[in-house]
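> final11.cif is reproduced in full below (mmCIF, C-alpha atoms and all ligand atoms).
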data_entry
#
loop_
_atom_site.label_atom_id
_atom_site.label_comp_id
_atom_site.auth_asym_id
_atom_site.auth_seq_id
_atom_site.Cartn_x
_atom_site.Cartn_y
_atom_site.Cartn_z
CA MET A 1203 249.33 77.98 87.19
CA SER A 1204 247.65 78.30 83.80
CA ILE A 1205 244.88 80.86 83.53
CA TYR A 1206 242.04 80.16 81.09
CA LYS A 1207 239.24 82.43 79.95
CA LEU A 1208 235.89 80.69 79.56
CA LEU A 1209 232.80 82.32 78.14
CA LEU A 1210 229.69 80.73 79.64
CA LEU A 1211 226.49 81.09 77.62
CA PRO A 1212 223.61 79.55 79.61
CA GLY A 1213 221.01 80.36 76.95
CA ASP A 1214 217.38 79.33 77.34
CA GLY A 1215 215.05 76.79 78.96
CA ILE A 1216 216.99 74.36 81.16
CA GLY A 1217 220.24 76.09 80.07
CA PRO A 1218 220.65 78.26 83.20
CA GLU A 1219 219.75 75.32 85.50
CA ILE A 1220 222.39 72.95 84.08
CA SER A 1221 224.94 75.80 83.75
CA ALA A 1222 224.73 76.39 87.52
CA GLU A 1223 225.88 72.79 88.08
CA ALA A 1224 228.81 73.14 85.65
CA GLU A 1225 229.81 76.31 87.48
CA LYS A 1226 230.04 74.35 90.75
CA VAL A 1227 232.44 71.94 89.04
CA LEU A 1228 234.48 74.90 87.74
CA ALA A 1229 234.61 76.39 91.24
CA LEU A 1230 235.93 73.08 92.59
CA LEU A 1231 238.58 72.86 89.83
CA ASN A 1232 239.74 76.37 90.79
CA GLU A 1233 239.70 75.55 94.49
CA ALA A 1234 241.68 72.34 93.96
CA GLY A 1235 244.29 74.22 91.91
CA VAL A 1236 243.76 72.21 88.71
CA ALA A 1237 243.98 75.50 86.79
CA ARG A 1238 242.55 78.98 87.12
CA PHE A 1239 239.36 79.36 85.12
CA GLU A 1240 238.11 82.90 84.74
CA VAL A 1241 234.46 82.70 83.79
CA GLU A 1242 232.64 85.46 81.95
CA ARG A 1243 228.92 85.18 81.24
CA GLY A 1244 227.08 86.18 78.09
CA LEU A 1245 223.70 85.84 76.45
CA VAL A 1246 222.74 83.66 73.51
CA GLY A 1247 219.50 82.53 71.89
CA GLY A 1248 216.15 83.77 73.14
CA ALA A 1249 217.78 85.37 76.18
CA ALA A 1250 219.94 87.51 73.87
CA TYR A 1251 216.98 88.28 71.62
CA ASP A 1252 214.97 89.52 74.61
CA ALA A 1253 217.85 91.77 75.68
CA HIS A 1254 219.25 92.99 72.32
CA LYS A 1255 216.86 91.84 69.55
CA GLN A 1256 219.75 89.70 68.29
CA ALA A 1257 220.40 85.99 68.95
CA ILE A 1258 223.93 86.94 69.99
CA SER A 1259 225.24 90.47 70.42
CA GLU A 1260 228.37 91.71 68.64
CA ALA A 1261 229.99 92.23 72.08
CA ASP A 1262 229.40 88.59 73.03
CA MET A 1263 230.63 87.41 69.61
CA THR A 1264 233.86 89.31 70.26
CA ARG A 1265 234.17 87.76 73.71
CA ALA A 1266 233.61 84.30 72.19
CA LEU A 1267 236.39 84.93 69.67
CA GLU A 1268 238.72 86.06 72.46
CA ALA A 1269 237.90 83.30 74.96
CA ASP A 1270 240.02 80.16 75.32
CA ALA A 1271 236.78 78.20 75.08
CA VAL A 1272 233.03 78.75 75.07
CA LEU A 1273 230.68 76.67 77.20
CA LEU A 1274 227.12 76.83 75.89
CA ALA A 1275 224.09 75.15 77.47
CA ALA A 1276 221.09 75.34 75.11
CA VAL A 1277 219.02 77.73 73.03
CA GLY A 1278 215.44 77.95 71.78
CA GLY A 1279 211.91 77.43 72.91
CA PRO A 1280 208.29 78.14 72.00
CA LYS A 1281 208.46 81.67 73.45
CA TRP A 1282 210.40 82.73 70.35
CA ASP A 1283 208.33 80.88 67.74
CA GLY A 1284 207.10 84.16 66.27
CA VAL A 1285 210.43 86.02 65.94
CA PRO A 1286 211.75 86.75 62.42
CA TYR A 1287 213.49 83.67 60.98
CA ASP A 1288 216.97 85.24 60.86
CA LEU A 1289 216.76 86.30 64.50
CA ARG A 1290 215.48 83.00 65.95
CA PRO A 1291 217.44 81.70 68.99
CA GLU A 1292 219.09 78.88 67.02
CA SER A 1293 220.70 81.43 64.68
CA GLY A 1294 222.94 82.58 67.57
CA LEU A 1295 224.30 79.07 67.97
CA LEU A 1296 224.79 78.67 64.22
CA ARG A 1297 226.63 82.00 64.03
CA LEU A 1298 228.98 80.96 66.83
CA ARG A 1299 229.77 77.71 65.01
CA LYS A 1300 230.31 79.47 61.67
CA ASP A 1301 232.25 82.54 62.85
CA LEU A 1302 234.49 80.52 65.16
CA GLY A 1303 235.10 78.05 62.32
CA LEU A 1304 234.04 75.06 64.45
CA PHE A 1305 233.92 72.48 61.67
CA ALA A 1306 234.49 69.38 63.80
CA ASN A 1307 231.81 68.30 66.25
CA LEU A 1308 232.70 65.33 68.45
CA ARG A 1309 229.70 63.58 69.99
CA PRO A 1310 230.68 60.59 72.14
CA ALA A 1311 227.91 58.10 72.93
CA ILE A 1312 229.10 56.06 75.89
CA CYS A 1313 226.87 53.71 77.82
CA TYR A 1314 227.92 53.85 81.47
CA ALA A 1315 227.83 50.35 83.03
CA ALA A 1316 225.22 51.43 85.59
CA LEU A 1317 222.89 52.59 82.80
CA ALA A 1318 222.95 49.47 80.63
CA ASP A 1319 219.41 48.72 81.82
CA ALA A 1320 218.26 52.32 81.35
CA SER A 1321 218.38 52.24 77.56
CA SER A 1322 215.24 51.48 75.63
CA LEU A 1323 217.25 48.64 74.06
CA LYS A 1324 218.23 45.36 75.73
CA ARG A 1325 221.27 45.37 78.03
CA ASP A 1326 223.52 43.20 75.80
CA ILE A 1327 222.94 45.54 72.84
CA VAL A 1328 224.27 48.63 74.67
CA ASP A 1329 226.45 47.42 77.56
CA GLY A 1330 230.00 48.70 76.97
CA LEU A 1331 228.96 50.90 74.04
CA ASP A 1332 231.54 53.56 73.10
CA ILE A 1333 230.93 55.35 69.79
CA MET A 1334 232.40 58.65 68.66
CA ILE A 1335 230.24 60.49 66.14
CA VAL A 1336 232.29 63.03 64.19
CA ARG A 1337 229.81 65.47 62.70
CA GLU A 1338 230.78 68.10 60.12
CA LEU A 1339 229.44 71.34 61.62
CA THR A 1340 229.98 74.37 59.38
CA GLY A 1341 228.83 73.13 55.98
CA GLY A 1342 226.13 71.13 54.25
CA VAL A 1343 222.47 72.00 54.16
CA TYR A 1344 222.71 74.14 57.32
CA PHE A 1345 224.70 76.82 55.52
CA GLY A 1346 224.47 76.19 51.75
CA GLU A 1347 223.14 78.96 49.48
CA PRO A 1348 220.55 79.58 48.21
CA LYS A 1349 218.48 79.21 51.34
CA GLU A 1350 215.19 81.00 50.87
CA ILE A 1351 211.43 81.01 50.64
CA THR A 1352 209.97 82.69 47.54
CA ASP A 1353 206.38 83.66 47.05
CA LEU A 1354 205.31 82.29 43.68
CA GLY A 1355 202.39 84.73 43.54
CA ASN A 1356 199.77 82.06 42.87
CA GLY A 1357 199.07 81.22 46.47
CA GLN A 1358 202.10 78.92 46.47
CA LYS A 1359 205.52 79.36 48.02
CA ARG A 1360 208.79 77.64 47.24
CA ALA A 1361 211.36 76.82 49.95
CA VAL A 1362 214.96 75.96 49.08
CA ASP A 1363 217.81 74.67 51.22
CA THR A 1364 221.05 73.75 49.54
CA GLN A 1365 223.45 70.99 50.50
CA VAL A 1366 226.98 71.97 49.47
CA TYR A 1367 230.30 70.31 50.25
CA GLU A 1368 233.70 71.03 48.80
CA THR A 1369 236.67 68.66 48.80
CA TYR A 1370 238.59 70.53 51.54
CA GLU A 1371 235.62 70.42 53.92
CA ILE A 1372 235.26 66.65 53.56
CA GLU A 1373 239.00 66.08 53.80
CA ARG A 1374 239.47 68.03 57.02
CA ILE A 1375 236.59 66.31 58.83
CA GLY A 1376 237.77 62.96 57.46
CA ARG A 1377 241.21 63.64 58.92
CA VAL A 1378 239.69 64.34 62.36
CA ALA A 1379 237.83 61.02 62.18
CA PHE A 1380 240.85 58.95 61.06
CA GLU A 1381 243.14 60.55 63.68
CA MET A 1382 240.50 59.87 66.35
CA ALA A 1383 240.14 56.23 65.23
CA ARG A 1384 243.88 55.65 65.57
CA LYS A 1385 243.58 56.51 69.27
CA ARG A 1386 240.53 54.26 69.75
CA GLY A 1387 239.30 51.15 67.91
CA ASN A 1388 241.04 52.00 64.60
CA LYS A 1389 237.83 51.86 62.58
CA VAL A 1390 235.92 54.60 60.73
CA THR A 1391 232.42 54.27 59.29
CA SER A 1392 231.73 57.06 56.81
CA SER A 1393 228.09 57.78 56.19
CA GLU A 1394 226.21 59.70 53.47
CA LYS A 1395 223.56 59.10 50.81
CA SER A 1396 225.87 58.70 47.80
CA ASN A 1397 223.11 56.73 46.10
CA VAL A 1398 220.90 59.83 45.75
CA MET A 1399 222.99 62.91 46.57
CA LYS A 1400 225.86 64.41 44.56
CA SER A 1401 227.35 65.78 47.79
CA GLY A 1402 227.21 62.25 49.22
CA TYR A 1403 228.92 60.90 46.10
CA LEU A 1404 231.75 63.43 46.48
CA TRP A 1405 231.92 62.68 50.23
CA ARG A 1406 232.53 58.97 49.56
CA GLU A 1407 235.08 59.71 46.83
CA VAL A 1408 237.08 62.14 49.00
CA ILE A 1409 237.04 59.92 52.11
CA THR A 1410 238.11 56.89 50.04
CA ALA A 1411 241.02 58.80 48.47
CA LEU A 1412 242.14 60.30 51.81
CA HIS A 1413 242.07 56.85 53.40
CA LYS A 1414 244.15 55.33 50.61
CA ARG A 1415 246.64 58.20 50.64
CA GLU A 1416 247.19 58.78 54.38
CA TYR A 1417 245.23 56.38 56.59
CA ALA A 1418 245.42 52.91 55.00
CA ASP A 1419 246.22 51.46 58.46
CA VAL A 1420 242.72 52.39 59.70
CA LYS A 1421 239.78 50.15 58.78
CA LEU A 1422 237.30 52.13 56.68
CA GLU A 1423 233.75 51.17 55.79
CA HIS A 1424 231.04 53.18 54.03
CA MET A 1425 227.42 52.91 55.09
CA LEU A 1426 224.41 54.75 53.67
CA ALA A 1427 222.89 57.00 56.34
CA ASP A 1428 219.49 55.28 56.40
CA ALA A 1429 221.16 51.89 56.89
CA LEU A 1430 223.36 53.35 59.63
CA ALA A 1431 220.27 54.65 61.47
CA MET A 1432 218.94 51.09 61.41
CA GLN A 1433 222.25 49.47 62.44
CA LEU A 1434 222.54 51.89 65.40
CA VAL A 1435 219.54 50.24 67.04
CA ARG A 1436 220.27 46.74 65.69
CA TRP A 1437 223.90 46.29 66.80
CA PRO A 1438 225.52 49.61 67.75
CA LYS A 1439 228.71 48.06 69.13
CA GLN A 1440 229.89 47.40 65.54
CA PHE A 1441 230.76 51.14 65.36
CA ASP A 1442 233.89 52.91 66.61
CA VAL A 1443 234.14 56.31 64.86
CA VAL A 1444 231.29 57.45 62.61
CA VAL A 1445 231.99 60.41 60.33
CA THR A 1446 229.11 62.14 58.62
CA ASP A 1447 227.70 65.45 57.41
CA ASN A 1448 226.01 68.20 59.39
CA LEU A 1449 222.38 67.06 59.07
CA PHE A 1450 222.90 63.29 59.28
CA GLY A 1451 225.24 63.88 62.24
CA ASP A 1452 222.57 65.88 64.03
CA MET A 1453 219.98 63.13 63.65
CA LEU A 1454 222.23 60.14 64.23
CA SER A 1455 223.67 61.64 67.43
CA ASP A 1456 220.20 62.09 68.98
CA GLU A 1457 219.50 58.47 68.07
CA ALA A 1458 222.82 57.34 69.57
CA ALA A 1459 222.07 59.36 72.72
CA MET A 1460 219.12 57.13 73.54
CA LEU A 1461 221.41 54.10 73.51
CA THR A 1462 223.15 55.60 76.54
CA GLY A 1463 219.94 55.96 78.54
CA SER A 1464 218.98 59.59 77.87
CA LEU A 1465 219.60 62.54 75.58
CA GLY A 1466 220.60 64.32 78.80
CA MET A 1467 223.81 62.24 78.89
CA LEU A 1468 225.53 63.30 75.64
CA PRO A 1469 228.21 66.03 75.74
CA SER A 1470 229.95 67.50 72.72
CA ALA A 1471 233.02 69.40 71.60
CA SER A 1472 233.02 71.69 68.55
CA LEU A 1473 236.54 72.41 67.37
CA GLY A 1474 238.12 74.71 64.81
CA ALA A 1475 241.42 74.39 62.97
CA ALA A 1476 244.63 75.08 64.91
CA ASP A 1477 246.58 78.24 63.97
CA GLU A 1478 250.37 78.36 63.62
CA LYS A 1479 250.70 78.63 67.44
CA GLY A 1480 248.52 75.53 67.89
CA LYS A 1481 245.59 77.60 69.21
CA ARG A 1482 242.08 76.88 68.02
CA HIS A 1483 238.60 78.11 68.78
CA ALA A 1484 236.39 75.67 70.63
CA MET A 1485 232.89 75.47 72.03
CA TYR A 1486 231.53 72.80 74.35
CA GLU A 1487 227.82 72.08 74.57
CA PRO A 1488 225.42 69.28 75.40
CA CYS A 1489 223.86 67.59 72.34
CA HIS A 1490 220.37 68.15 73.73
CA GLY A 1491 218.28 71.30 73.50
CA SER A 1492 216.60 73.66 75.94
CA ALA A 1493 213.95 71.05 76.93
CA PRO A 1494 211.12 73.60 77.27
CA ASP A 1495 208.79 70.85 78.56
CA ILE A 1496 210.76 70.58 81.82
CA ALA A 1497 212.39 74.03 82.07
CA GLY A 1498 212.15 75.73 85.45
CA LYS A 1499 211.22 72.50 87.27
CA GLY A 1500 214.72 71.75 88.57
CA ILE A 1501 214.65 68.19 87.19
CA ALA A 1502 216.91 68.46 84.10
CA ASN A 1503 219.88 66.14 83.85
CA PRO A 1504 223.12 68.17 84.18
CA ILE A 1505 225.42 65.30 83.10
CA ALA A 1506 225.73 66.29 79.40
CA MET A 1507 226.63 69.83 80.48
CA ILE A 1508 229.19 68.70 83.08
CA GLY A 1509 230.53 66.16 80.57
CA SER A 1510 230.95 68.98 78.05
CA LEU A 1511 233.09 70.86 80.56
CA GLY A 1512 235.08 67.61 80.89
CA MET A 1513 235.60 67.62 77.12
CA ALA A 1514 236.89 71.22 77.38
CA LEU A 1515 239.53 70.06 79.86
CA ARG A 1516 240.53 67.29 77.46
CA TYR A 1517 240.47 69.10 74.12
CA SER A 1518 241.21 72.77 74.96
CA PHE A 1519 243.21 72.77 78.19
CA ASP A 1520 245.29 69.60 77.99
CA LEU A 1521 244.07 68.43 81.40
CA PRO A 1522 243.24 64.78 80.59
CA LYS A 1523 243.55 63.62 84.21
CA ALA A 1524 241.01 66.17 85.41
CA ALA A 1525 238.76 65.23 82.48
CA ASP A 1526 239.05 61.53 83.44
CA ALA A 1527 238.23 62.48 87.03
CA ILE A 1528 235.00 64.19 85.90
CA ASP A 1529 234.00 61.13 83.84
CA ALA A 1530 234.79 58.87 86.80
CA ALA A 1531 232.77 61.07 89.17
CA ILE A 1532 229.77 60.81 86.81
CA ALA A 1533 230.20 57.01 86.54
CA ASN A 1534 230.45 56.65 90.35
CA VAL A 1535 227.36 58.73 91.02
CA LEU A 1536 225.40 56.65 88.50
CA ALA A 1537 226.78 53.44 90.04
CA LYS A 1538 225.38 54.58 93.40
CA GLY A 1539 221.93 54.61 91.80
CA LEU A 1540 221.35 58.36 91.44
CA ARG A 1541 219.05 59.10 88.51
CA THR A 1542 217.43 62.23 87.18
CA ALA A 1543 213.90 61.67 85.89
CA ASP A 1544 214.88 61.47 82.21
CA ILE A 1545 217.03 58.37 82.75
CA LYS A 1546 214.72 55.47 82.05
CA GLY A 1547 214.85 52.43 84.25
CA ASP A 1548 213.58 51.13 87.51
CA ALA A 1549 215.28 53.56 89.94
CA PRO A 1550 213.05 53.72 93.04
CA SER A 1551 213.36 57.50 93.21
CA THR A 1552 214.87 60.33 91.23
CA VAL A 1553 217.02 63.31 92.16
CA SER A 1554 216.87 66.97 91.13
CA THR A 1555 219.32 68.80 88.85
CA LYS A 1556 220.96 70.33 91.92
CA GLU A 1557 221.22 67.03 93.82
CA MET A 1558 222.84 65.35 90.79
CA GLY A 1559 225.28 68.28 90.42
CA ASP A 1560 226.13 68.26 94.13
CA ALA A 1561 226.71 64.49 94.09
CA ILE A 1562 229.10 64.78 91.12
CA VAL A 1563 230.98 67.62 92.83
CA ALA A 1564 231.27 65.56 96.05
CA GLU A 1565 232.66 62.57 94.11
CA LEU A 1566 235.08 64.75 92.19
CA LYS A 1567 236.29 66.37 95.40
CA LYS A 1568 237.45 62.95 96.64
CA THR A 1569 239.74 62.46 93.61
CA LEU A 1570 241.05 66.02 93.44
CA SER A 1571 241.90 66.47 97.11
P1 LIG B 1601 215.34 68.90 73.35
O1 LIG B 1601 216.65 68.22 73.25
O2 LIG B 1601 215.31 70.22 74.00
O3 LIG B 1601 214.31 67.94 74.12
C1 LIG B 1601 213.93 66.65 73.65
C2 LIG B 1601 213.41 65.83 74.84
O4 LIG B 1601 214.51 65.44 75.66
C3 LIG B 1601 212.46 66.59 75.76
O5 LIG B 1601 211.47 65.73 76.24
C4 LIG B 1601 213.35 67.05 76.90
O6 LIG B 1601 212.69 67.23 78.13
C5 LIG B 1601 214.37 65.92 76.98
N1 LIG B 1601 215.68 66.41 77.44
C6 LIG B 1601 216.62 67.07 76.69
N2 LIG B 1601 217.66 67.38 77.46
C7 LIG B 1601 217.40 66.94 78.70
C8 LIG B 1601 218.11 66.99 79.93
N3 LIG B 1601 219.32 67.54 80.05
N4 LIG B 1601 217.52 66.44 81.02
C9 LIG B 1601 216.31 65.86 80.95
N5 LIG B 1601 215.58 65.78 79.81
C10 LIG B 1601 216.13 66.32 78.69
O7 LIG B 1601 214.76 68.98 71.87
P2 LIG B 1601 213.46 69.74 71.31
O8 LIG B 1601 212.37 69.69 72.33
O9 LIG B 1601 213.25 69.19 69.99
O10 LIG B 1601 213.93 71.23 71.15
C11 LIG B 1601 213.66 72.28 72.08
C12 LIG B 1601 214.41 73.53 71.67
O11 LIG B 1601 215.81 73.31 71.82
C13 LIG B 1601 214.22 73.91 70.19
O12 LIG B 1601 214.08 75.31 70.14
C14 LIG B 1601 215.50 73.45 69.51
O13 LIG B 1601 215.84 74.20 68.39
C15 LIG B 1601 216.49 73.66 70.62
N6 LIG B 1601 217.70 72.85 70.54
C16 LIG B 1601 218.85 73.48 70.92
C17 LIG B 1601 220.03 72.77 70.96
C18 LIG B 1601 221.27 73.46 71.40
O14 LIG B 1601 221.19 74.54 71.94
N7 LIG B 1601 222.45 72.89 71.19
C19 LIG B 1601 220.04 71.42 70.61
C20 LIG B 1601 218.84 70.79 70.25
C21 LIG B 1601 217.67 71.52 70.22
C1 LIG B 1602 222.19 70.43 67.94
C2 LIG B 1602 220.92 71.21 67.65
C3 LIG B 1602 221.19 72.33 66.66
C4 LIG B 1602 221.54 71.67 65.33
C5 LIG B 1602 220.07 73.35 66.46
C6 LIG B 1602 219.56 73.91 67.75
C7 LIG B 1602 220.52 74.46 65.56
O1 LIG B 1602 219.90 70.37 67.25
O2 LIG B 1602 223.19 71.04 68.34
O3 LIG B 1602 222.17 69.21 67.81
O4 LIG B 1602 220.65 71.33 64.53
O5 LIG B 1602 222.74 71.52 65.06
MN MN B 1603 220.41 68.26 67.42
#
With the file now loaded, output its structure as structure tokens.


Amino acid sequence: MSIYKLLLLPGDGIGPEISAEAEKVLALLNEAGVARFEVERGLVGGAAYDAHKQAISEADMTRALEADAVLLAAVGGPKWDGVPYDLRPESGLLRLRKDLGLFANLRPAICYAALADASSLKRDIVDGLDIMIVRELTGGVYFGEPKEITDLGNGQKRAVDTQVYETYEIERIGRVAFEMARKRGNKVTSSEKSNVMKSGYLWREVITALHKREYADVKLEHMLADALAMQLVRWPKQFDVVVTDNLFGDMLSDEAAMLTGSLGMLPSASLGAADEKGKRHAMYEPCHGSAPDIAGKGIANPIAMIGSLGMALRYSFDLPKAADAIDAAIANVLAKGLRTADIKGDAPSTVSTKEMGDAIVAELKKTLS
């Protein structure tokens, strides 16, 4: 049986609560003989800062580089508002993405049939929705230099962030999007602000050339990012794969999450380039944050976290059947009417994080045994 090393980084806020539910799923996968997952735990974000005065320690960075995959829950929270900028919890997450070379972030927004009435939009707008947002994750304004605040000495300060993209960065994320589209609805919508940004202009030029050269069989459309934000709530089912930069991808995926009923539903996979042996670094994490407003109450939705583990089975461990079984277990539990409090709708009562996790494990057990 294959043995896989997973580094689990629960992080902050609701992170430890939702991680506990993913660990139950991992225990079941081990028990059922799907594979052998050896789980190590580490610290990231505020939890790491409290322990080491660093948002991720060098030892945990090394373990992340050595692991077959990293599973991260969430980082950040008001407790760390006052820490020096370069040590803030989010910097641990950004370092993991950068140092592991995780340039491709897949954020699937799927509206489960049982949740078509839970979206803030009308049922027919979201029912059957299945969009894959492909977000560039190691470039753009998140990492461009200069990035600084200078004191101008006259009571004024000047803050600079720099959006930079080079051809190879746009090409490689474009390739991920086109390859993904071929396995789905065969359509890519590329989004930028080429009307005001040089980087957006280059983005459109590179995607257009790549399409013409290698992916002419896939339907390609370009849409300015502001228009795409509008179309996402007007008629989201027009989209199949959306490819966009780091910042637009961050914002558009939160928006897309609400089409599915809750931000607590959206998993993600962050993937690096494969080496000559076909191995690549990967990290799996919910799209949502540490939800400080509900942390410690036991009411967070664990579905994005469990779904992220499902994506690890699909994209790192070549276990598509087990990944399908996790998705089906989630769908069945929702079909039975179980809802955590974040899922809008008219459910007569809601369940806790633990009850939702237990119900998913019980469903999954039926398929695996
Ligand atoms: P957030 O995603 O943490 O929360 C936004 C809203 O969604 C809150 O009302 C929260 O209660 C709710 N929510 C989010 N996930 C939920 C879940 N699983 N179940 C139920 N409700 C859920 O965003 P925020 O409040 O803007 O940010 C809080 C902190 O999280 C910040 O420090 C931010 O930087 C960080 N953050 C981290 C990540 C990450 O670790 N990947 C992602 C986004 C934000
Ligand atoms: C996300 C988060 C992160 C981002 C933050 C916490 C750095 O919002 O994963 O969506 O902006 O990428
Ligand atoms: Mn985000």

> May I have the residues within 12 Å of A:Ala1561 as number ranges by chain, using all atoms listed in the file and disregarding those fewer than 2 positions away in the same chain?

A: 1223, 1226-1227, 1504-1505, 1528, 1531-1542, 1553-1559, 1563-1568

> Residues within 7 Å of ligand LIG 1601 (chain B), counting only C-alpha atoms and all ligand atoms: report them as a PyMOL selection string.

chain A and resi 1275-1280+1292+1295+1465-1466+1487-1496+1501-1504+1506+1543-1544

> Please indicate the distance in Å from atom CA of A:Lys1281 to atom CA of A:Gly1217, rounded to one decimal place.

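Spanning atom CA of A:Lys1281 to atom CA of A:Gly1217 is a straight-line distance of 14.6 Å.
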
> Could you tell me, as JSON, numbers by chain, which residues have any atom at most 12 Å from (229.3, 90.5, 71.5), counting only C-alpha atoms?

{"A": [1209, 1211, 1243, 1244, 1245, 1246, 1250, 1254, 1256, 1257, 1258, 1259, 1260, 1261, 1262, 1263, 1264, 1265, 1266, 1267, 1268, 1269, 1294, 1297, 1298]}

> Counting all atoms listed in the file, give me one row per residue of chain A with an atom at most 9 Å from an atom of ligand MN 1603 (chain B), showing the shortest contact pair and its distance in Å to one decimal, sorted by chain then residue number, as a tab-separated table.


residue	atom	partner	partner_atom	distance
A:Leu1449	CA	B:MN1603	MN	8.7
A:Gly1451	CA	B:MN1603	MN	8.3
A:Asp1452	CA	B:MN1603	MN	4.7
A:Met1453	CA	B:MN1603	MN	6.4
A:Leu1454	CA	B:MN1603	MN	8.9
A:Ser1455	CA	B:MN1603	MN	7.4
A:Asp1456	CA	B:MN1603	MN	6.4
A:Cys1489	CA	B:MN1603	MN	6.0
A:His1490	CA	B:MN1603	MN	6.3
A:Gly1491	CA	B:MN1603	MN	7.1

> May I ask which of the residues A:Asp1270, A:Asp1529, A:Asp1477, A:Asp1447 is the closest one to ligand LIG 1602 (chain B), counting all atoms listed in the file?

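Closest to ligand LIG 1602 (chain B), using all atoms listed in the file: A:Asp1447.
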
> Closest to ligand LIG 1602 (chain B) among A:Leu1228, A:Ala1411, A:Leu1208, A:Leu1304, using only C-alpha atoms and all ligand atoms?

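Using only C-alpha atoms and all ligand atoms, ligand LIG 1602 (chain B) sits closest to A:Leu1304.
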
> Measuring between only C-alpha atoms, which one of A:Leu1434, A:Ile1375, A:Ala1471, A:Leu1331 shows the shortest distance to A:Met1507?

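Of A:Leu1434, A:Ile1375, A:Ala1471, A:Leu1331, the one nearest A:Met1507 is A:Ala1471, counting only C-alpha atoms.
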
> Find the distance between atom CA of A:Asp1363 and atom CA of A:Val1390 and write it in Å to one decimal.

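The value is 28.7 Å.
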
> So, with all atoms listed in the file as the atoms that count, which of A:Glu1457, A:Asp1319, A:Glu1423, A:Asp1548 lies closest to ligand LIG 1602 (chain B)?

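Closest to ligand LIG 1602 (chain B) of all the choices is A:Glu1457.
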
> Rounded to one decimal in Å, what is the spacing between atom CA of A:Met1425 and atom O3 of ligand LIG 1602 (chain B)?

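Separation between atom CA of A:Met1425 and atom O3 of ligand LIG 1602 (chain B): 21.3 Å.
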
> From the set A:Ser1293, A:Ser1571, A:Gln1433, A:Ser1401, which residue has the shortest atom-to-atom contact distance to ligand LIG 1602 (chain B), counting only C-alpha atoms and all ligand atoms?

A:Ser1293

> Would you list the contacts of A:Phe1519 as a ChimeraX atom specification, taking every protein, DNA or RNA residue within 9 Å and counting only C-alpha atoms, but skipping same-chain residues closer than 3 positions in sequence?

/A:1206,1270-1271,1514-1516,1522

> When distances are computed from all atoms listed in the file, which of A:Leu1511, A:Pro1291, A:Ala1524, A:Gly1500 shows the smallest separation from A:Thr1552?

A:Gly1500

> Once you add 8 Å to each side, what are the centre and edge lengths of the axis-aligned box holding all listed atoms of stretch 1486-1489 of chain A? One decimal in Å, as JSON, if you can.


{"center_x": 227.7, "center_y": 70.2, "center_z": 73.9, "size_x": 23.7, "size_y": 21.2, "size_z": 19.1}

> Identify, on the basis of all atoms listed in the file, every residue whose closest approach to A:Lys1300 does not exceed 10 Å; exclude the query and any residue fewer than 5 positions from it along the same chain; express the result as a PyMOL selection string.

chain A and resi 1294-1295+1305+1339-1341+1345+1474

> Dig up all the protein and nucleic acid residues within 12 Å of (248.7, 52.5, 58.3) in the file frame, using all atoms listed in the file, and format them as a ChimeraX atom specification.

/A:1380-1381,1383-1384,1388-1389,1413-1422

> Could those selected residues go to a file with C-alpha atoms, as an mmCIF file, keeping the file's coordinate frame?


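The new file result12.cif reads:
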data_model
loop_
_atom_site.group_PDB
_atom_site.id
_atom_site.type_symbol
_atom_site.label_atom_id
_atom_site.label_comp_id
_atom_site.auth_asym_id
_atom_site.auth_seq_id
_atom_site.Cartn_x
_atom_site.Cartn_y
_atom_site.Cartn_z
ATOM 1 C CA PHE A 1380 240.850 58.950 61.060
ATOM 2 C CA GLU A 1381 243.140 60.550 63.680
ATOM 3 C CA ALA A 1383 240.140 56.230 65.230
ATOM 4 C CA ARG A 1384 243.880 55.650 65.570
ATOM 5 C CA ASN A 1388 241.040 52.000 64.600
ATOM 6 C CA LYS A 1389 237.830 51.860 62.580
ATOM 7 C CA HIS A 1413 242.070 56.850 53.400
ATOM 8 C CA LYS A 1414 244.150 55.330 50.610
ATOM 9 C CA ARG A 1415 246.640 58.200 50.640
ATOM 10 C CA GLU A 1416 247.190 58.780 54.380
ATOM 11 C CA TYR A 1417 245.230 56.380 56.590
ATOM 12 C CA ALA A 1418 245.420 52.910 55.000
ATOM 13 C CA ASP A 1419 246.220 51.460 58.460
ATOM 14 C CA VAL A 1420 242.720 52.390 59.700
ATOM 15 C CA LYS A 1421 239.780 50.150 58.780
ATOM 16 C CA LEU A 1422 237.300 52.130 56.680
#

> Hey, what's within 7 Å of A:Gly1342 if we count only C-alpha atoms and toss same-chain stuff fewer than 2 positions away? As a ChimeraX atom specification, please?

/A:1344-1346,1365-1367,1447-1448

> Report as a VMD selection string all protein, DNA and RNA residues lying within 10 Å of A:Thr1369, evaluated on all atoms listed in the file, omitting residues in the same chain fewer than 6 positions from it.

chain A and resid 1401 1404 to 1405 1407 to 1409
